[in-house]
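Before any comments, here is the structure.
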Amino acid sequence: MDATAIVDVPQACLVHLPPGLDESLLARMDRPGPRYTSYPTADRFDAAFGAGELVQALAHRRDSDQALAPLSLYIHVPFCASVCYYCACNKVVTKDRSKVAPYLAALLEEMRRMREHLGAAAPVSQLHFGGGTPTYLDDDHLTTLMTEIRRLFVLTDDSECSIEIDPRTVSAERLAHLWALGINRLSFGVQDVDPHVQVAVHRVQPLALVRDLMADARRLGFQSINADLIYGLPKQTQASFQRTIEAVCELRPDRIAMYGYAHLPQRFKPQRRIVEAELPSGAQRLGMLGSAISGFLASGYDYIGMDHFALPQDALAQAKREGRLHRNFQGYSTRPDCDLIALGVSAISRIGRTYSQNAKTLETYYDGLAQHGLPTERGLSLSDDDLIRRDVIMAVMCDGKLDFDAFGRSHGLAFDSYFQRECEALAGLVSEGLITLHEGGLDVTAKGWYFVRAIAMVFDRYVQGAAVLQRFSKVV
């Protein structure tokens with residue numbers, strides 16, 4: 001079937017872009033690029049960095065004045081009861097619940113060993129359970145995890161404790177248990193509310209189920225509720241996705257994260273089950289994006305950046321307005337940049353000027369823990385240039401502005417000469433209206449926030465050549 005045949009209304013009827021945006025600009029910016037949850041990005045990690053290098057980084061933190069600086073803590077739960085065809089996450093699809101016990105034991109052992117290398121019990125200001133499906137774990141498993149976290153670390157009084165929710169795996173009673181454990185933020189995997197799309201991606205969950213669970217979460221008092229959406233899925237049309245946007249706006253989550261589906265079946269086996277002829281065309285994807293942006297803005301959401309929206313009273317929107325936005329492996333954050341301890345299969349830690357990633361399969365994860373003390377499979381020690389460029393990219397992504405002189409003074413360099421090639425490349429972004437240049441700096445325009453990845457890419461010395469860029473999802 002021709003992909004164009006799935007359109008059920010004319011494109012022009014549905015695309016109402018915010019002022020300054022137009023379809024031709026969206027089309028010009030429709031190219032691959034990193035999401036910059038880190039810089040350098042994970043594709044630069046190397047197997048030469050192993051458990052020994054991570055231990056050295058932890059020892060350096062322990063022996064420095066950063067020993068008691070707040071940490072972020074990430075727990076990866078890889079298990080899923082069924083596969084979602086679009087998924088590119090590291091996961092283990094199984095209905096065999098006996099796999100949980102040995103994984104939980106290994107996870108707790110890794111946590112204890114990391115805590116030993118850290119020395120003092122540092123405060124944790126952010127805790128996030130991701131997956132896979134974290135709610136694949138039953139209440140007793142989650143209780144065991146939270147008990148050990150509290151024993152080994154110190155959760156701050158204002159800590160953000162969040163978990164990703166598959167609505168098919170929780171009930172009002174389970175939400176109450178999460179709340180009693182100290183979880184105060186939820187992220188619901190919604191993706192799309194259209195039944196035909198849900199069947200096409202093998203994730204069927206009635207809208208009523210999501211609506212009832214969100215209502216239960218609000219009654220319990222969860223501080224922030226996020227909804228994840230994906231555009232560009234098979235059998236999506238602009239009309240059907242418009243209905244999803246309207247339904248989500250009625251649900252009124254505090255935050256919305258909307259991602260463009262990246263179809264990379266050569267890399268992600270589940271995506272091979274997707275019928276490519278049922279995928280919307282590039283023009284239709286852009287129409288969906290435009291409709292979503294206009295719909296969320298009209299419903300009172302602020303655009304945060306990188307396809308993220310938040311209600312004005314949400315802490316993320318407040319941080320954006322006040323210039324306190326940060327970014328890490330979980331996306332935008334309200335908390336200051338800090339070291340990240342990540343536990344479990346494939347989890348990525350950031351300690352000082354290093355990144356380290358755990359083994360990606362259960363077998364290699366268990367083996368790494370047994371043979372090397374920690375299951376580190378690869379990582380990276382950042383060069384001085386990496387650190388400089390990371391600070392530039394995060395300033396663009398989070399602050400939307402860059403003071404060349406102040407940046408140069410803080411890093412001991414002459415910005416214009418150090419970034420001569422990059423400064424020349426900025427002219428194209430000026431002509432597109434994405435940034436403004438002034439004496440001593442740049443500012444991201446209101447229109448430019450929608451393409452902040454493309455702006456950040458100018459300062460990335462690794463994204464040279466089409467072969468490299470094809471590893472990443474599209475900018476729009």
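How things are named: the first chain in the structure tokens is A, the next is B, and so on; residues count from 1 in each chain; ligands count from 1 in the order shown.
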
With DSSP run on the backbone, what are the alpha helix (DSSP H) residues within segment 276-404 of chain A? I'd like them as an MDAnalysis selection string.
chainID A and resid 282:298 315:321 362:372 384:394 404

If you count only C-alpha atoms, which residues fall within 6 Å of segment 295-310 of chain A, apart from same-chain ones fewer than 2 positions away, as a VMD selection string?
chain A and resid 254 to 258 291 to 293 317 449

Please determine, counting only C-alpha atoms, which residue among A:Leu54, A:Val199, A:Val458, A:Leu380 has the shortest atom-to-atom distance to Ile393 of chain A.
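Checking each candidate against Ile393 of chain A, we get A:Val458 as the closest.
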
Applying 12 Å and only C-alpha atoms, which residues near Glu439 of chain A remain after dropping the ones on its own chain fewer than 4 positions away? List them as an MDAnalysis selection string.
chainID A and resid 402:405 416 443

Work out how far apart atom CA of Ser72 of chain A and atom CA of Arg390 of chain A are and give it in Å to one decimal.
18.6 Å

Hey, what's within 9 Å of Thr37 of chain A if we count only C-alpha atoms and toss same-chain stuff fewer than 4 positions away? As a PyMOL selection string, please?
chain A and resi 41+327-332

Dump as a short mmCIF file (atom, residue, chain, number, x, y, z; two decimals), in the first residue's frame, selection limited to C-alpha atoms:
```cif
data_model
loop_
_atom_site.label_atom_id
_atom_site.label_comp_id
_atom_site.auth_asym_id
_atom_site.auth_seq_id
_atom_site.Cartn_x
_atom_site.Cartn_y
_atom_site.Cartn_z
CA THR A 41 27.01 11.26 22.64
CA ARG A 327 19.77 18.44 30.87
CA ASN A 328 20.88 14.87 31.56
CA PHE A 329 20.27 11.32 30.31
CA GLN A 330 16.61 11.56 31.36
CA GLY A 331 16.10 14.78 29.39
CA TYR A 332 15.37 18.24 30.76
#
```

Quick one: residues within 8 Å of Gln242 of chain A, only C-alpha atoms counted, chain neighbours fewer than 2 positions away excluded, as a ChimeraX atom specification?
/A:14,238-240,244-246,288,291-292

Create the file for the chosen residues now, containing C-alpha atoms and written as a compact mmCIF listing (two decimals), in the first residue's frame.
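And here is the file that came out, out.txt:
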```
# COMPACT_ATOMS: atom_id res chain seq x y z
CA LEU A 14 -4.86 20.36 9.80
CA GLN A 238 -2.94 13.84 10.70
CA ALA A 239 -6.59 13.52 11.64
CA SER A 240 -6.01 10.60 14.03
CA THR A 244 -4.68 12.12 20.24
CA ILE A 245 -3.52 15.68 20.86
CA GLU A 246 -7.03 16.75 21.86
CA MET A 288 1.46 16.10 12.77
CA SER A 291 -0.71 20.38 14.65
CA ALA A 292 0.72 19.16 17.95
```
